Each structure stands twice: as structure tokens, then as C-alpha cells.
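S.K.: Please see the structure below; I have some questions.
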Amino acid sequence: MSWERKITKYSGVNLSTDNELSLSLRKKILKLTEQYFSLVHYKKEFVPNETFISASGKYLTKEDLTNLVDSSLDLWLTSGKFTEKFEKKLSQKFGSRFSSATVSGSSANLLAFTSLTSDYFEKNKINDGDEVITVAAGFPTTVAPIIHNRCVPVYLDIELETANIDTSLLKKALTKKTKAIMIAHTLGNPFNVEVIKKFCDDHNLFLIEDCCDAFGSKFDNKTVGSYGIFSSLSFYPAHHITTGEGGAVLYNDLKLKRIVESFRDWGRDCWCSTGMNNTCGKRYSWKLGDLPKGYDHKFVFSHVGYNMKMTDMQGALGLSQLDKVDYFIQKRKDNFKNLRQKFLDEGLDKYFILPEKYEKSDPSWYGFLITIKNPNKLNRTDMIKFLNDRRILSRLLFAGNLTRQPGYMNKKHKIVGNLKNTDKIMKDGFWIGVWPGLDEEHLNFMVDSVKEFINKSS
Ligand SMILES: Cc1ncc(COP(=O)(O)O)c(C=O)c1O
């Protein structure tokens, strides 16, 4: 059919990249893309009460759009050269040896946890019914992989000021069935990773650090995510960098690559990149499982896996976002510092518990969490609505208390001690933005609005 011939002739796969006409066309398209970006996606002027001040958002430049278009012109579509480059650059920027790009932060968490069920870990591997220490305050998909793998989340309370795990409860939580700790650095604020890491080492537990909100955070001058066996990142638009949807698992041991990527890529044993064949040189000579000798290695499955690979367009976007990540991290830090100082200068710490960090930590903040001290004086819902009417958007601390969530409350779990602080933040806490799209004028308006709500309520 004529349309079939056309596609074959002009698709990126068959089009020679050194063909002069195709190269000059590509250049033109990318130049036009830049122009289009400047025309349509320029930064709009801030108008109080009209401009939305979101709690989080994506920060995109013309380079992001041109990378996206550039990768789409290849028509490779699945994981390819852009994704591979992105994985390399990501691990360098993040401070780990390896990374495996995936479709979301949630799937990065699932891949990280599920990897620990691999036979590779022999007697240490995670089995059905094992217990995993975590917190109930936070994002649901930090905990979901524990339940998906038929293990039992053991919930500990958090501290009010850091919104991170209360490490004084760790010993009480430990049983013969405890195999791992899986927690997030809440809103970019590192948990006490020194204490957690030592506890894991002392009791032979795996540590998975959910760094989805904490790209660039450090503890004791060491990047978070490098303490655990695995860590995860999310590239959903709310996060430090974005690929639309997207995420990554990060780790420091090459042996783990085969396991993570096997689970990510259908569970297969073969480790060829997309479009490659016979990387192992023994494609038709393996003898694995009960399969006949020489069964095509591409179709041997050593794990019960998923397909969670990133597309090349996402990889391309990730590359140009990574070029800006140092700026993003610094802007988040500056905005946080600025906002906190304004709250203190205005005496707002009288009304709110403000976020605190550990002395050794250097957070790359995701949001500014405030918890109303006296809910009889200030009502959280009224406050959120008041801010919302002024176009200042906020978020709760995600699920609040997972043990109270309809999807989680009846799933097997344990609570050690009580979840008093978790409940306090669930009822009276919320967070506002510090993301790089916010400037001084936004922050001033946010603080003025908080003051106005207090005046109105008293
Ligand atoms: C701490 C944490 N973990 C995991 C996720 C899930 O990431 P994604 O939305 O990319 O699945 C989020 C999402 O915001 C998060 O905040």
C-alpha cells in the first residue's frame, strides 16, 4: 500500500542521518521549535490574586522542547540512545554509580523493593510475610510495594518538626521477621540517615531510600540515596526535574543492574539494550530452568517481571532538565530559606510548627510544611480555602496517615507505639511551594496572605 511505502521511506529509522537534506531539515525544525517556545511558553507577569502560585510545578526551557522534538524525529520511540545517555548523566548528577530509568517514581519504588525478592539475595532475600519498617505519613507508593510483595508494613510515628521517622522507636519495631526499612526523605528533608543506616547494618536489614522528593539533598556532605542498597527518584512534573511521567532506581553495585532491569524489562534474563541482540555472545547456547538448551536467551525469564521502561522522548527531556538541576536545587534552597525567614520575621512561628532539619543535613527542599499549633484558633480547611481563593495552592502531606486510608486500613500491618504526630500533621499540616518557578514576589504574597488569614481569624 502506498502509505506503507511512504512511512518506510521517510521514517527516522531508514533515513540516513548524514543525508544533507535531512540534517538541514532537522536543524530548521529545531530552530522553529525554539521560536515557538519563546512565543508561546514565556514567563507571564505575576498578578496577585490572579496568577496561580502552585505548590509545585515544572520548569521548562526551549532546550527541553527542542530535545523532545529532536528525539521524536528519530521515531525510535522506546528506550534508546537518549535514555541511555540520560541514565549515565543522571547517576553522575545524583551521586550514584548506576541508574535504571523507569516510568514513574512509584514504579522505581516497586522495582527497588521487588528486586530484593530475587533469588540473587539467597537467604537474605525478602519473602512473603516479612516485615518492613516504614512510616504512615507520606506518599502511598513508598509503602505500596511492601504490600504488593505480600510483606507487612510496620508503621512508626514521625517527628513533628522534621516530619521524618522517629528513630527512637526502631528497636521496639525489630522482630525476627524484619528484613528492611523503606522510607522517604520527607519533602526533601533528609531523615536521620546516619542512625537508620547504622541500625540497618547492625541488624542486617536492607535500606531503600525513597528520594522522589529529595534530588540533591545531602546528609553529612554525602548525597541521600547513597546510603541504602537502592534509592528512587520521580520525574513527575511536581519534582526537581521532570520527564512528564518518569522515575529511576539508583544503586552502586553493577550486579544489581541485572536484577533491577530484569524486573523492569518483562523479567527477562537477557540484558541486551532495546534493538540489540546477542550482547552476551551466547544467545543460543544457554541452558536455563527446564528449558531446552539453546532456547533463545531473549525469551528466557528469570524473574516475574513488568514492563516499566522509559521512552526515548522522556530520556531526551530528562537530559536537558539535568543541565538545569543545579540551578533548580539552589533555587529551592533559597526559596525555602527566604520563606522560613519571612515566617520568623513576622512572628508566625507563634501559630505554626515550622520545618526543621538535622544539623548534618543539607536539604534540597520539595515543599514548605507548616502545621497549625492550635486548631481551635486556626482551622486548616478554612486556611487552605482562604489561600486557594487567592490562587495560592497547597498540598497535604500526601496520604496523611496511611492506616486511615480506605485502601490501606484493612491491609495487614503493624503499628509500633502510636501515630500521634502522624495524626497531628494529617489533621493540621499542609505545605506550600518553594519550586524554582517561584520568586520573591510570590513568597511575599504568600506570607502576606497567611498574615491576613490570621488577622481575620483572631
Ligand atoms: C515520596 C514520594 N514517593 C513516590 C512518589 C511517586 O512518584 P510518581 O508520581 O512518579 O509515581 C511520590 C510522588 O509525588 C513521592 O512524593
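Going through the C-alpha cells in order, the chains are called A, B, and so on, while each chain numbers its residues from 1 and the ligands are numbered from 1 in the order shown.
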What are the nearest atom pairs, with distances in Å to one decimal, for all residues of chain A that come at most 9 Å from ligand 1, using only C-alpha atoms and all ligand atoms, set out by chain and rising residue number as a Markdown table?
M.R.:
| residue | atom | partner | partner_atom_place_in_ligand_line | distance |
| --- | --- | --- | --- | --- |
| A:Val103 | CA | ligand 1 | 10 (O) | 7.5 |
| A:Ser104 | CA | ligand 1 | 10 (O) | 3.8 |
| A:Gly105 | CA | ligand 1 | 10 (O) | 3.5 |
| A:Ser106 | CA | ligand 1 | 11 (O) | 3.6 |
| A:Ser107 | CA | ligand 1 | 11 (O) | 6.4 |
| A:Ala108 | CA | ligand 1 | 11 (O) | 7.8 |
| A:Asn109 | CA | ligand 1 | 4 (C) | 7.1 |
| A:Gly138 | CA | ligand 1 | 1 (C) | 6.6 |
| A:Phe139 | CA | ligand 1 | 2 (C) | 5.0 |
| A:Pro140 | CA | ligand 1 | 4 (C) | 7.3 |
| A:Thr141 | CA | ligand 1 | 4 (C) | 5.4 |
| A:Thr142 | CA | ligand 1 | 3 (N) | 5.3 |
| A:Val143 | CA | ligand 1 | 3 (N) | 8.9 |
| A:Ile183 | CA | ligand 1 | 1 (C) | 8.2 |
| A:Ala184 | CA | ligand 1 | 1 (C) | 5.3 |
| A:His185 | CA | ligand 1 | 1 (C) | 7.1 |
| A:Thr186 | CA | ligand 1 | 1 (C) | 6.6 |
| A:Leu187 | CA | ligand 1 | 1 (C) | 7.2 |
| A:Gly188 | CA | ligand 1 | 1 (C) | 8.5 |
| A:Asp210 | CA | ligand 1 | 3 (N) | 5.9 |
| A:Cys211 | CA | ligand 1 | 1 (C) | 6.6 |
| A:Cys212 | CA | ligand 1 | 2 (C) | 4.8 |
| A:Asp213 | CA | ligand 1 | 1 (C) | 5.4 |
| A:Ala214 | CA | ligand 1 | 1 (C) | 8.2 |
| A:Ser232 | CA | ligand 1 | 3 (N) | 7.9 |
| A:Leu233 | CA | ligand 1 | 7 (O) | 7.4 |
| A:Ser234 | CA | ligand 1 | 10 (O) | 4.2 |
| A:Phe235 | CA | ligand 1 | 10 (O) | 5.6 |
| A:Tyr236 | CA | ligand 1 | 10 (O) | 4.7 |
| A:Pro237 | CA | ligand 1 | 10 (O) | 8.5 |
| A:Ala238 | CA | ligand 1 | 14 (O) | 7.0 |
| A:His239 | CA | ligand 1 | 14 (O) | 7.1 |
| A:Gly244 | CA | ligand 1 | 10 (O) | 8.9 |
| A:Glu245 | CA | ligand 1 | 10 (O) | 6.1 |
| A:Gly246 | CA | ligand 1 | 10 (O) | 5.7 |
| A:Gly247 | CA | ligand 1 | 10 (O) | 5.7 |
| A:Tyr366 | CA | ligand 1 | 16 (O) | 8.9 |
| A:Phe398 | CA | ligand 1 | 16 (O) | 7.5 |
S.K.: Might you pull out every residue within 7 Å of Asn67 of chain A, with only C-alpha atoms counted and same-chain residues fewer than 2 positions away left off, and present them as a list in words?
M.R.: Glu63, Asp64, Leu65, Val69, Asp70, Ser71, Ala316, Leu317 and Ser320 of chain A
S.K.: Okay, now the selection with N, CA and C atoms, as a PDB file, in the first residue's frame?
M.R.:
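File produced: out_9.pdb:
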ATOM      1  N   GLU A  63      15.282  24.466  25.487  1.00  0.00           N
ATOM      2  CA  GLU A  63      16.116  23.270  25.275  1.00  0.00           C
ATOM      3  C   GLU A  63      15.306  21.990  25.521  1.00  0.00           C
ATOM      4  N   ASP A  64      14.369  22.071  26.463  1.00  0.00           N
ATOM      5  CA  ASP A  64      13.548  20.891  26.751  1.00  0.00           C
ATOM      6  C   ASP A  64      12.663  20.551  25.549  1.00  0.00           C
ATOM      7  N   LEU A  65      12.065  21.587  24.986  1.00  0.00           N
ATOM      8  CA  LEU A  65      11.172  21.333  23.843  1.00  0.00           C
ATOM      9  C   LEU A  65      11.969  20.854  22.626  1.00  0.00           C
ATOM     10  N   VAL A  69      11.486  17.290  20.661  1.00  0.00           N
ATOM     11  CA  VAL A  69      11.205  17.199  19.224  1.00  0.00           C
ATOM     12  C   VAL A  69      12.321  16.420  18.531  1.00  0.00           C
ATOM     13  N   ASP A  70      13.568  16.726  18.922  1.00  0.00           N
ATOM     14  CA  ASP A  70      14.730  16.049  18.334  1.00  0.00           C
ATOM     15  C   ASP A  70      14.589  14.530  18.475  1.00  0.00           C
ATOM     16  N   SER A  71      14.237  14.083  19.669  1.00  0.00           N
ATOM     17  CA  SER A  71      14.130  12.631  19.897  1.00  0.00           C
ATOM     18  C   SER A  71      12.945  12.053  19.134  1.00  0.00           C
ATOM     19  N   ALA A 316      15.191  12.090  26.533  1.00  0.00           N
ATOM     20  CA  ALA A 316      15.705  13.326  25.935  1.00  0.00           C
ATOM     21  C   ALA A 316      15.341  14.535  26.794  1.00  0.00           C
ATOM     22  N   LEU A 317      14.122  14.543  27.295  1.00  0.00           N
ATOM     23  CA  LEU A 317      13.682  15.643  28.153  1.00  0.00           C
ATOM     24  C   LEU A 317      14.485  15.638  29.457  1.00  0.00           C
ATOM     25  N   SER A 320      17.965  17.397  29.103  1.00  0.00           N
ATOM     26  CA  SER A 320      18.025  18.865  29.156  1.00  0.00           C
ATOM     27  C   SER A 320      17.596  19.381  30.530  1.00  0.00           C
TER      28      SER A 320
END
S.K.: Just the residues within 10 Å of Leu156 of chain A, please, counting only C-alpha atoms, with nothing from its chain fewer than 4 positions along; format it as a ChimeraX atom specification.
M.R.: /A:133-137,164-170,172-173,414-419,422
S.K.: Measuring between only C-alpha atoms, which one of A:Ile370, A:Leu378, A:Leu116, A:Ile259 shows the shortest distance to Glu161 of chain A?
M.R.: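 Looking only at the distances to Glu161 of chain A, the closest residue turns out to be A:Ile370.
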S.K.: DSSP says strand (DSSP E or B) for which residues of segment 55-241 of chain A? Put them as a PyMOL selection string?
M.R.: chain A and resi 98-102+131-135+152-156+158+165+178-184+206-210+218-219+222-223+230-234
S.K.: Print the selection's residues with C-alpha atoms to a file, as a tab-separated table (two decimals), in the first residue's frame.
M.R.:
chain	number	residue	atom	x	y	z
A	98	PHE	CA	24.23	3.40	38.22
A	99	SER	CA	20.68	4.28	37.41
A	100	SER	CA	17.86	2.50	35.61
A	101	ALA	CA	15.24	4.79	34.15
A	102	THR	CA	11.63	3.80	34.52
A	131	GLU	CA	8.21	-7.14	57.96
A	132	VAL	CA	9.39	-3.79	56.67
A	133	ILE	CA	9.75	-0.72	58.87
A	134	THR	CA	8.24	2.41	57.39
A	135	VAL	CA	6.07	5.42	58.22
A	152	VAL	CA	3.87	-6.40	56.26
A	153	PRO	CA	4.45	-2.65	56.71
A	154	VAL	CA	5.41	-1.79	60.28
A	155	TYR	CA	4.44	1.82	60.85
A	156	LEU	CA	6.40	4.12	63.16
A	158	ILE	CA	7.22	10.72	62.82
A	165	ILE	CA	10.67	8.80	61.16
A	178	THR	CA	12.19	-7.59	59.97
A	179	LYS	CA	14.03	-7.51	56.64
A	180	ALA	CA	14.17	-3.89	55.55
A	181	ILE	CA	13.48	-0.23	56.15
A	182	MET	CA	11.82	1.67	53.31
A	183	ILE	CA	11.11	5.35	53.85
A	184	ALA	CA	11.16	8.67	52.02
A	206	PHE	CA	18.14	-3.62	53.61
A	207	LEU	CA	17.60	0.13	53.35
A	208	ILE	CA	15.61	1.61	50.47
A	209	GLU	CA	15.64	5.41	50.33
A	210	ASP	CA	12.73	6.99	48.53
A	218	LYS	CA	22.71	15.73	51.43
A	219	PHE	CA	23.44	14.33	54.85
A	222	LYS	CA	27.00	12.76	51.27
A	223	THR	CA	24.12	12.67	48.85
A	230	PHE	CA	18.54	1.22	46.37
A	231	SER	CA	17.05	4.63	46.09
A	232	SER	CA	14.34	6.04	43.84
A	233	LEU	CA	13.56	9.27	42.02
A	234	SER	CA	10.38	10.61	40.45
S.K.: Just give me the gap between atom CA of Met409 of chain A and atom CA of Cys151 of chain A in Å, one decimal is fine.
M.R.: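 Those two atoms sit 14.8 Å apart.
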S.K.: Find the residues around segment 384-388 of chain A up to 10 Å (only C-alpha atoms counted), leave out those fewer than 6 positions away in its own chain, and share them as a list in words.
M.R.: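 With the cut-off at 10 Å, the set is Asn49, Phe52, Ile53, Ser54, Ser394, Arg395, Leu396, Phe430, Trp431, Ile432, Met446, Ser449, Val450, Glu452 and Phe453 of chain A.
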